[in-house]
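So this one's data-v6.txt, compact mmCIF, C-alpha atoms:
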```txt
# COMPACT_ATOMS: atom_id res chain seq x y z
CA GLY A 1 -11.13 -22.38 11.49
CA GLU A 2 -7.59 -21.22 12.02
CA SER A 3 -7.29 -17.53 12.68
CA VAL A 4 -5.46 -14.79 14.39
CA GLY A 5 -7.52 -13.03 17.00
CA LEU A 6 -7.38 -10.52 19.79
CA HIS A 7 -9.03 -11.05 23.13
CA LEU A 8 -10.60 -7.64 23.60
CA PRO A 9 -12.17 -5.34 21.00
CA THR A 10 -11.60 -2.31 23.28
CA LEU A 11 -9.02 -1.52 25.96
CA SER A 12 -9.20 1.63 28.06
CA VAL A 13 -6.13 2.75 30.05
CA GLN A 14 -5.08 5.81 32.00
CA GLU A 15 -2.50 8.07 30.44
CA GLY A 16 0.92 7.14 31.81
CA ASP A 17 -0.04 3.55 32.62
CA ASN A 18 1.30 0.55 30.75
CA SER A 19 -0.94 -1.12 28.16
CA ILE A 20 -1.00 -4.79 27.30
CA ILE A 21 -2.78 -5.93 24.17
CA ASN A 22 -3.17 -9.64 23.60
CA CYS A 23 -3.49 -11.83 20.56
CA ALA A 24 -4.06 -15.56 20.19
CA TYR A 25 -3.19 -17.51 17.09
CA SER A 26 -3.97 -21.09 16.22
CA ASN A 27 -1.69 -21.95 13.31
CA SER A 28 1.50 -23.58 14.52
CA ALA A 29 2.99 -23.06 11.05
CA SER A 30 3.15 -19.30 11.62
CA ASP A 31 6.76 -18.18 11.82
CA TYR A 32 6.59 -14.41 11.81
CA PHE A 33 4.35 -11.96 13.63
CA ILE A 34 3.83 -8.23 13.34
CA TRP A 35 1.98 -5.65 15.38
CA TYR A 36 0.42 -2.79 13.45
CA LYS A 37 -1.13 0.44 14.69
CA GLN A 38 -3.96 1.98 12.68
CA GLU A 39 -5.13 5.49 13.44
CA SER A 40 -8.47 6.72 12.21
CA GLY A 41 -8.47 7.38 8.48
CA LYS A 42 -4.97 5.98 7.95
CA GLY A 43 -3.39 2.76 6.83
CA PRO A 44 -1.76 0.36 9.31
CA GLN A 45 1.65 1.42 10.53
CA PHE A 46 4.34 -1.09 11.53
CA ILE A 47 5.18 -1.10 15.25
CA ILE A 48 7.31 -4.16 15.90
CA ASP A 49 7.81 -7.69 14.64
CA ILE A 50 9.06 -10.97 16.03
CA ARG A 51 10.12 -14.27 14.50
CA SER A 52 9.08 -17.61 15.90
CA ASN A 53 12.60 -18.39 17.11
CA MET A 54 12.37 -15.53 19.61
CA ASP A 55 10.36 -15.04 22.82
CA LYS A 56 10.72 -11.33 23.30
CA ARG A 57 11.68 -8.26 21.34
CA GLN A 58 11.88 -4.69 22.51
CA GLY A 59 11.52 -1.41 20.70
CA GLN A 60 11.08 2.13 21.81
CA ARG A 61 8.40 1.97 24.55
CA VAL A 62 7.04 -1.26 23.07
CA THR A 63 7.75 -4.91 23.81
CA VAL A 64 6.36 -7.94 22.01
CA LEU A 65 6.20 -11.29 23.78
CA LEU A 66 5.64 -14.57 21.99
CA ASN A 67 4.56 -17.72 23.82
CA LYS A 68 4.59 -20.52 21.30
CA THR A 69 3.44 -23.11 23.82
CA VAL A 70 0.03 -21.48 24.18
CA LYS A 71 0.15 -19.66 20.81
CA HIS A 72 -0.12 -16.25 22.41
CA LEU A 73 1.30 -12.91 21.37
CA SER A 74 1.20 -9.69 23.35
CA LEU A 75 2.14 -6.07 22.81
CA GLN A 76 3.17 -4.01 25.79
CA ILE A 77 3.23 -0.24 25.54
CA ALA A 78 5.03 1.57 28.35
CA ALA A 79 3.81 4.91 29.71
CA THR A 80 0.85 5.15 27.36
CA GLN A 81 0.39 8.54 25.72
CA PRO A 82 -2.62 10.14 24.00
CA GLY A 83 -0.90 9.56 20.65
CA ASP A 84 -1.07 5.82 21.29
CA SER A 85 -4.84 5.89 20.81
CA ALA A 86 -5.54 3.70 17.78
CA VAL A 87 -6.63 0.24 16.72
CA TYR A 88 -3.89 -2.35 17.14
CA PHE A 89 -3.73 -5.43 14.94
CA CYS A 90 -1.58 -8.48 15.24
CA ALA A 91 -0.76 -10.22 11.99
CA GLU A 92 0.91 -13.50 11.25
CA ASN A 93 2.82 -14.84 8.31
CA ARG A 94 2.12 -18.51 7.87
CA ARG A 95 5.09 -20.37 6.46
CA GLY A 96 4.66 -20.52 2.71
CA ALA A 97 1.84 -17.99 2.64
CA ASP A 98 1.93 -14.99 0.38
CA GLY A 99 0.37 -12.38 2.58
CA LEU A 100 -0.30 -11.59 6.21
CA THR A 101 -3.32 -12.87 8.15
CA PHE A 102 -4.72 -10.18 10.41
CA GLY A 103 -6.62 -10.43 13.66
CA LYS A 104 -9.71 -8.38 14.42
CA GLY A 105 -8.02 -5.51 16.22
CA THR A 106 -8.13 -3.90 19.66
CA HIS A 107 -9.15 -0.28 20.00
CA LEU A 108 -6.88 1.33 22.62
CA ILE A 109 -8.53 4.29 24.36
CA ILE A 110 -6.44 6.61 26.51
CA GLN A 111 -8.16 8.19 29.50
CA PRO A 112 -6.71 11.55 30.64
CA GLU B 1 6.39 7.57 6.64
CA ALA B 2 6.04 4.89 3.99
CA ASP B 3 6.42 5.98 0.37
CA ILE B 4 3.23 4.37 -0.82
CA TYR B 5 0.36 6.38 -2.17
CA GLN B 6 -3.28 5.73 -2.92
CA THR B 7 -5.78 7.80 -4.85
CA PRO B 8 -8.48 8.73 -4.47
CA ARG B 9 -8.71 8.76 -0.67
CA TYR B 10 -12.49 8.84 -0.77
CA LEU B 11 -14.84 7.84 -3.59
CA VAL B 12 -18.63 7.86 -3.71
CA ILE B 13 -20.15 6.46 -6.89
CA GLY B 14 -23.34 4.96 -8.23
CA THR B 15 -24.05 1.32 -8.91
CA GLY B 16 -22.78 -0.01 -12.23
CA LYS B 17 -19.88 2.41 -12.62
CA LYS B 18 -16.40 1.24 -13.50
CA ILE B 19 -13.73 2.43 -11.10
CA THR B 20 -9.98 2.14 -10.72
CA LEU B 21 -8.20 2.60 -7.43
CA GLU B 22 -4.61 3.72 -7.84
CA CYS B 23 -1.63 2.58 -5.80
CA SER B 24 1.98 3.57 -6.30
CA GLN B 25 5.14 3.01 -4.27
CA THR B 26 8.58 4.53 -4.64
CA MET B 27 10.52 2.03 -2.52
CA GLY B 28 11.35 -0.32 -5.37
CA HIS B 29 9.47 -3.15 -3.69
CA ASP B 30 8.67 -6.18 -5.79
CA LYS B 31 5.70 -7.47 -3.81
CA MET B 32 2.48 -5.52 -3.65
CA TYR B 33 -0.84 -6.32 -2.07
CA TRP B 34 -4.46 -5.20 -1.88
CA TYR B 35 -6.45 -5.69 1.29
CA GLN B 36 -10.12 -5.02 1.96
CA GLN B 37 -11.14 -3.75 5.39
CA ASP B 38 -14.63 -3.07 6.73
CA PRO B 39 -14.84 -0.44 9.51
CA GLY B 40 -13.24 -1.65 12.72
CA MET B 41 -12.60 -5.08 11.28
CA GLU B 42 -9.55 -7.05 10.24
CA LEU B 43 -7.85 -6.76 6.87
CA HIS B 44 -8.46 -9.43 4.23
CA LEU B 45 -6.03 -10.07 1.39
CA ILE B 46 -7.77 -9.87 -2.00
CA HIS B 47 -4.87 -9.58 -4.48
CA TYR B 48 -1.09 -9.67 -4.52
CA SER B 49 1.75 -9.52 -6.98
CA TYR B 50 5.35 -10.77 -6.95
CA GLY B 51 6.44 -8.28 -9.59
CA VAL B 52 5.78 -7.04 -13.10
CA ASN B 53 3.20 -9.16 -14.95
CA SER B 54 2.46 -11.19 -11.81
CA THR B 55 -1.02 -11.10 -10.25
CA GLU B 56 -2.52 -13.56 -7.81
CA LYS B 57 -5.82 -13.83 -5.95
CA GLY B 58 -5.75 -13.59 -2.18
CA ASP B 59 -7.67 -15.34 0.58
CA LEU B 60 -10.87 -13.34 0.17
CA SER B 61 -12.74 -13.71 -3.10
CA SER B 62 -13.20 -10.39 -4.85
CA GLU B 63 -14.85 -9.29 -8.07
CA SER B 64 -12.09 -6.75 -8.57
CA THR B 65 -9.11 -7.24 -10.87
CA VAL B 66 -5.54 -5.94 -10.70
CA SER B 67 -2.68 -5.37 -13.09
CA ARG B 68 1.08 -4.90 -12.65
CA ILE B 69 2.61 -3.37 -15.74
CA ARG B 70 5.19 -1.36 -13.82
CA THR B 71 6.97 -2.25 -10.59
CA GLU B 72 5.79 0.87 -8.81
CA HIS B 73 2.13 0.75 -9.86
CA PHE B 74 -0.60 -1.73 -8.83
CA PRO B 75 -4.08 -0.47 -9.74
CA LEU B 76 -7.29 -2.23 -8.73
CA THR B 77 -10.35 -2.13 -10.99
CA LEU B 78 -14.02 -2.84 -10.45
CA GLU B 79 -15.84 -3.19 -13.78
CA SER B 80 -19.30 -2.66 -12.32
CA ALA B 81 -19.46 -1.38 -8.77
CA ARG B 82 -22.20 -2.57 -6.42
CA PRO B 83 -23.18 -1.53 -2.88
CA SER B 84 -21.59 -4.76 -1.58
CA HIS B 85 -18.23 -3.35 -2.72
CA THR B 86 -18.49 -0.54 -0.17
CA SER B 87 -15.41 -0.86 2.01
CA GLN B 88 -11.93 0.48 2.62
CA TYR B 89 -9.22 -0.75 0.25
CA LEU B 90 -5.63 -0.75 1.45
CA CYS B 91 -2.57 -1.18 -0.73
CA ALA B 92 0.73 -2.44 0.68
CA SER B 93 4.19 -3.38 -0.54
CA SER B 94 7.18 -5.32 0.72
CA LYS B 95 10.54 -6.65 -0.38
CA LEU B 96 10.41 -9.94 -2.23
CA ALA B 97 12.76 -11.92 0.02
CA GLY B 98 10.58 -14.51 1.73
CA GLY B 99 7.45 -13.63 3.64
CA ASN B 100 9.13 -12.29 6.71
CA ASN B 101 9.28 -8.73 5.65
CA GLU B 102 7.43 -5.72 6.88
CA GLN B 103 4.56 -4.64 4.69
CA PHE B 104 4.21 -0.90 4.21
CA PHE B 105 0.67 0.36 3.83
CA GLY B 106 -0.83 3.26 1.96
CA PRO B 107 -3.49 5.49 3.53
CA GLY B 108 -6.35 3.58 1.94
CA THR B 109 -9.28 4.41 -0.33
CA ARG B 110 -12.69 4.51 1.30
CA LEU B 111 -15.20 3.45 -1.35
CA THR B 112 -18.93 3.97 -1.06
CA VAL B 113 -21.22 2.58 -3.74
CA LEU B 114 -24.75 3.93 -3.68
```
Please lay out the structure from this file as structure tokens.
Amino acid sequence: GESVGLHLPTLSVQEGDNSIINCAYSNSASDYFIWYKQESGKGPQFIIDIRSNMDKRQGQRVTVLLNKTVKHLSLQIAATQPGDSAVYFCAENRRGADGLTFGKGTHLIIQP
Amino acid sequence: EADIYQTPRYLVIGTGKKITLECSQTMGHDKMYWYQQDPGMELHLIHYSYGVNSTEKGDLSSESTVSRIRTEHFPLTLESARPSHTSQYLCASSKLAGGNNEQFFGPGTRLTVL
């Protein structure tokens, strides 16, 4: 079935390195995508979003890339810090849908 | 920090009990949502609301019910809790304009039914 998914359940990176978290989606009707960060015991927190008419969007230390040709979304975190340790979810809004569809999440682990 | 609150944060109850999970937001958002999330897994939409007196079922079937009597309040009720209801329940809200709006999440209620 159609879904939003992430390639890796766990990603381990060295502190100070850049992190890249990937997400694949299959619904071409999706027109809006969000990356959320969820720390243990907390609700998801908005990181960055991107609309389908864009390829790239940058925030503070984060960049989201959207490749509509291969239906791929990625989140890049520059100079990863211990506070970046969390589960990262991509979510899509399918045109006409009433809520977000979430992927399974990638647990980002920061090695000292 | 989002101005959306959930109580209780943790709840352990016995089978057959009626429970209500509270959710309130002070952002004046029209749309509110309930998601269910098992540990380490994705979120599934179980209920949403466009505004006062509006309630809709989400993608995942749930035995819970919701009500929206006030804009800021969107409680979720389970009439008779069962162990299969054990999960984390997350409330969220967003502006009404279209679907392309950030959803703000509360901290969640972790429910355990014995």
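Nearest residue to B:Asp38 among B:Glu102, B:His85, B:Ser62, B:Cys91 is B:His85, counting only C-alpha atoms.
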Top pick for closest residue to chain A, considering B:Thr109, B:Thr65, B:Asn53, B:Thr86 and counting only C-alpha atoms = B:Thr109
Scan for residues within 9 Å of the point (-13.2, 4.8, 11.0) in the coordinates of the file, using all atoms listed in the file, and reply as a count of residues only.
-> 6
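Of the listed residues (A:Thr106, A:Glu92, A:Ile21, A:Ser12), A:Glu92 comes nearest to A:Arg51; the distances count all atoms listed in the file.
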Near chain B, which residues of chain A fall within 12 Å when you count all atoms listed in the file, and what do they look like as an mmCIF file with C-alpha atoms, in the frame of the given file?
```cif
data_model
loop_
_atom_site.group_PDB
_atom_site.id
_atom_site.type_symbol
_atom_site.label_atom_id
_atom_site.label_comp_id
_atom_site.auth_asym_id
_atom_site.auth_seq_id
_atom_site.Cartn_x
_atom_site.Cartn_y
_atom_site.Cartn_z
ATOM 1 C CA SER A 3 -7.290 -17.530 12.680
ATOM 2 C CA VAL A 4 -5.460 -14.790 14.390
ATOM 3 C CA GLY A 5 -7.520 -13.030 17.000
ATOM 4 C CA LEU A 6 -7.380 -10.520 19.790
ATOM 5 C CA PRO A 9 -12.170 -5.340 21.000
ATOM 6 C CA THR A 10 -11.600 -2.310 23.280
ATOM 7 C CA SER A 30 3.150 -19.300 11.620
ATOM 8 C CA ASP A 31 6.760 -18.180 11.820
ATOM 9 C CA TYR A 32 6.590 -14.410 11.810
ATOM 10 C CA PHE A 33 4.350 -11.960 13.630
ATOM 11 C CA ILE A 34 3.830 -8.230 13.340
ATOM 12 C CA TRP A 35 1.980 -5.650 15.380
ATOM 13 C CA TYR A 36 0.420 -2.790 13.450
ATOM 14 C CA LYS A 37 -1.130 0.440 14.690
ATOM 15 C CA GLN A 38 -3.960 1.980 12.680
ATOM 16 C CA GLU A 39 -5.130 5.490 13.440
ATOM 17 C CA SER A 40 -8.470 6.720 12.210
ATOM 18 C CA GLY A 41 -8.470 7.380 8.480
ATOM 19 C CA LYS A 42 -4.970 5.980 7.950
ATOM 20 C CA GLY A 43 -3.390 2.760 6.830
ATOM 21 C CA PRO A 44 -1.760 0.360 9.310
ATOM 22 C CA GLN A 45 1.650 1.420 10.530
ATOM 23 C CA PHE A 46 4.340 -1.090 11.530
ATOM 24 C CA ILE A 47 5.180 -1.100 15.250
ATOM 25 C CA ILE A 48 7.310 -4.160 15.900
ATOM 26 C CA ASP A 49 7.810 -7.690 14.640
ATOM 27 C CA ILE A 50 9.060 -10.970 16.030
ATOM 28 C CA ARG A 51 10.120 -14.270 14.500
ATOM 29 C CA SER A 52 9.080 -17.610 15.900
ATOM 30 C CA ALA A 86 -5.540 3.700 17.780
ATOM 31 C CA VAL A 87 -6.630 0.240 16.720
ATOM 32 C CA TYR A 88 -3.890 -2.350 17.140
ATOM 33 C CA PHE A 89 -3.730 -5.430 14.940
ATOM 34 C CA CYS A 90 -1.580 -8.480 15.240
ATOM 35 C CA ALA A 91 -0.760 -10.220 11.990
ATOM 36 C CA GLU A 92 0.910 -13.500 11.250
ATOM 37 C CA ASN A 93 2.820 -14.840 8.310
ATOM 38 C CA ARG A 94 2.120 -18.510 7.870
ATOM 39 C CA ARG A 95 5.090 -20.370 6.460
ATOM 40 C CA GLY A 96 4.660 -20.520 2.710
ATOM 41 C CA ALA A 97 1.840 -17.990 2.640
ATOM 42 C CA ASP A 98 1.930 -14.990 0.380
ATOM 43 C CA GLY A 99 0.370 -12.380 2.580
ATOM 44 C CA LEU A 100 -0.300 -11.590 6.210
ATOM 45 C CA THR A 101 -3.320 -12.870 8.150
ATOM 46 C CA PHE A 102 -4.720 -10.180 10.410
ATOM 47 C CA GLY A 103 -6.620 -10.430 13.660
ATOM 48 C CA LYS A 104 -9.710 -8.380 14.420
ATOM 49 C CA GLY A 105 -8.020 -5.510 16.220
ATOM 50 C CA THR A 106 -8.130 -3.900 19.660
ATOM 51 C CA HIS A 107 -9.150 -0.280 20.000
#
```
Reconstructed all heavy atoms for stretch 100-111 of chain B, given as a short mmCIF file (atom, residue, chain, number, x, y, z; two decimals), in the frame of the given file:
```
data_model
loop_
_atom_site.label_atom_id
_atom_site.label_comp_id
_atom_site.auth_asym_id
_atom_site.auth_seq_id
_atom_site.Cartn_x
_atom_site.Cartn_y
_atom_site.Cartn_z
N ASN B 100 8.87 -12.95 5.45
CA ASN B 100 9.13 -12.29 6.71
C ASN B 100 9.66 -10.89 6.53
O ASN B 100 10.75 -10.56 6.97
CB ASN B 100 10.13 -13.12 7.52
CG ASN B 100 9.55 -14.46 7.89
OD1 ASN B 100 8.40 -14.73 7.63
ND2 ASN B 100 10.37 -15.28 8.49
N ASN B 101 8.89 -10.10 5.85
CA ASN B 101 9.28 -8.73 5.65
C ASN B 101 8.11 -7.82 5.94
O ASN B 101 6.97 -8.11 5.60
CB ASN B 101 9.78 -8.49 4.23
CG ASN B 101 11.20 -8.94 4.04
OD1 ASN B 101 12.12 -8.33 4.55
ND2 ASN B 101 11.38 -10.03 3.33
N GLU B 102 8.44 -6.70 6.54
CA GLU B 102 7.43 -5.72 6.88
C GLU B 102 6.68 -5.29 5.64
O GLU B 102 7.28 -5.05 4.59
CB GLU B 102 8.11 -4.53 7.53
CG GLU B 102 7.21 -3.35 7.81
CD GLU B 102 8.00 -2.15 8.28
OE1 GLU B 102 9.22 -2.31 8.49
OE2 GLU B 102 7.40 -1.08 8.40
N GLN B 103 5.38 -5.19 5.76
CA GLN B 103 4.56 -4.64 4.69
C GLN B 103 4.27 -3.19 5.03
O GLN B 103 3.85 -2.86 6.14
CB GLN B 103 3.26 -5.42 4.54
CG GLN B 103 3.47 -6.81 3.96
CD GLN B 103 2.17 -7.53 3.68
OE1 GLN B 103 1.11 -6.93 3.58
NE2 GLN B 103 2.25 -8.84 3.55
N PHE B 104 4.50 -2.32 4.06
CA PHE B 104 4.21 -0.90 4.21
C PHE B 104 2.87 -0.60 3.57
O PHE B 104 2.62 -0.99 2.43
CB PHE B 104 5.30 -0.07 3.53
CG PHE B 104 6.65 -0.21 4.15
CD1 PHE B 104 7.50 -1.23 3.78
CD2 PHE B 104 7.09 0.69 5.12
CE1 PHE B 104 8.75 -1.38 4.36
CE2 PHE B 104 8.34 0.56 5.70
CZ PHE B 104 9.17 -0.47 5.32
N PHE B 105 2.02 0.11 4.30
CA PHE B 105 0.67 0.36 3.83
C PHE B 105 0.48 1.79 3.37
O PHE B 105 1.07 2.73 3.92
CB PHE B 105 -0.34 0.08 4.95
CG PHE B 105 -0.60 -1.38 5.16
CD1 PHE B 105 0.24 -2.14 5.96
CD2 PHE B 105 -1.68 -1.99 4.54
CE1 PHE B 105 0.00 -3.49 6.15
CE2 PHE B 105 -1.92 -3.35 4.73
CZ PHE B 105 -1.09 -4.09 5.53
N GLY B 106 -0.38 1.94 2.35
CA GLY B 106 -0.83 3.26 1.96
C GLY B 106 -1.95 3.72 2.87
O GLY B 106 -2.38 2.98 3.77
N PRO B 107 -2.46 4.93 2.66
CA PRO B 107 -3.49 5.49 3.53
C PRO B 107 -4.88 4.91 3.30
O PRO B 107 -5.77 5.11 4.12
CB PRO B 107 -3.46 6.98 3.19
CG PRO B 107 -3.01 7.02 1.77
CD PRO B 107 -2.02 5.89 1.64
N GLY B 108 -5.06 4.20 2.20
CA GLY B 108 -6.35 3.58 1.94
C GLY B 108 -7.26 4.43 1.07
O GLY B 108 -7.12 5.65 0.98
N THR B 109 -8.19 3.75 0.40
CA THR B 109 -9.28 4.41 -0.33
C THR B 109 -10.58 3.93 0.28
O THR B 109 -10.84 2.73 0.33
CB THR B 109 -9.26 4.07 -1.82
OG1 THR B 109 -8.10 4.61 -2.43
CG2 THR B 109 -10.50 4.64 -2.51
N ARG B 110 -11.37 4.88 0.75
CA ARG B 110 -12.69 4.51 1.30
C ARG B 110 -13.71 4.64 0.19
O ARG B 110 -13.99 5.75 -0.28
CB ARG B 110 -13.05 5.40 2.48
CG ARG B 110 -14.31 4.95 3.18
CD ARG B 110 -14.53 5.67 4.50
NE ARG B 110 -13.51 5.37 5.48
CZ ARG B 110 -13.46 4.26 6.21
NH1 ARG B 110 -14.39 3.34 6.08
NH2 ARG B 110 -12.51 4.07 7.10
N LEU B 111 -14.26 3.51 -0.23
CA LEU B 111 -15.20 3.45 -1.35
C LEU B 111 -16.62 3.27 -0.84
O LEU B 111 -16.87 2.39 -0.02
CB LEU B 111 -14.83 2.28 -2.28
CG LEU B 111 -15.82 1.98 -3.41
CD1 LEU B 111 -15.87 3.14 -4.39
CD2 LEU B 111 -15.44 0.69 -4.12
#
```
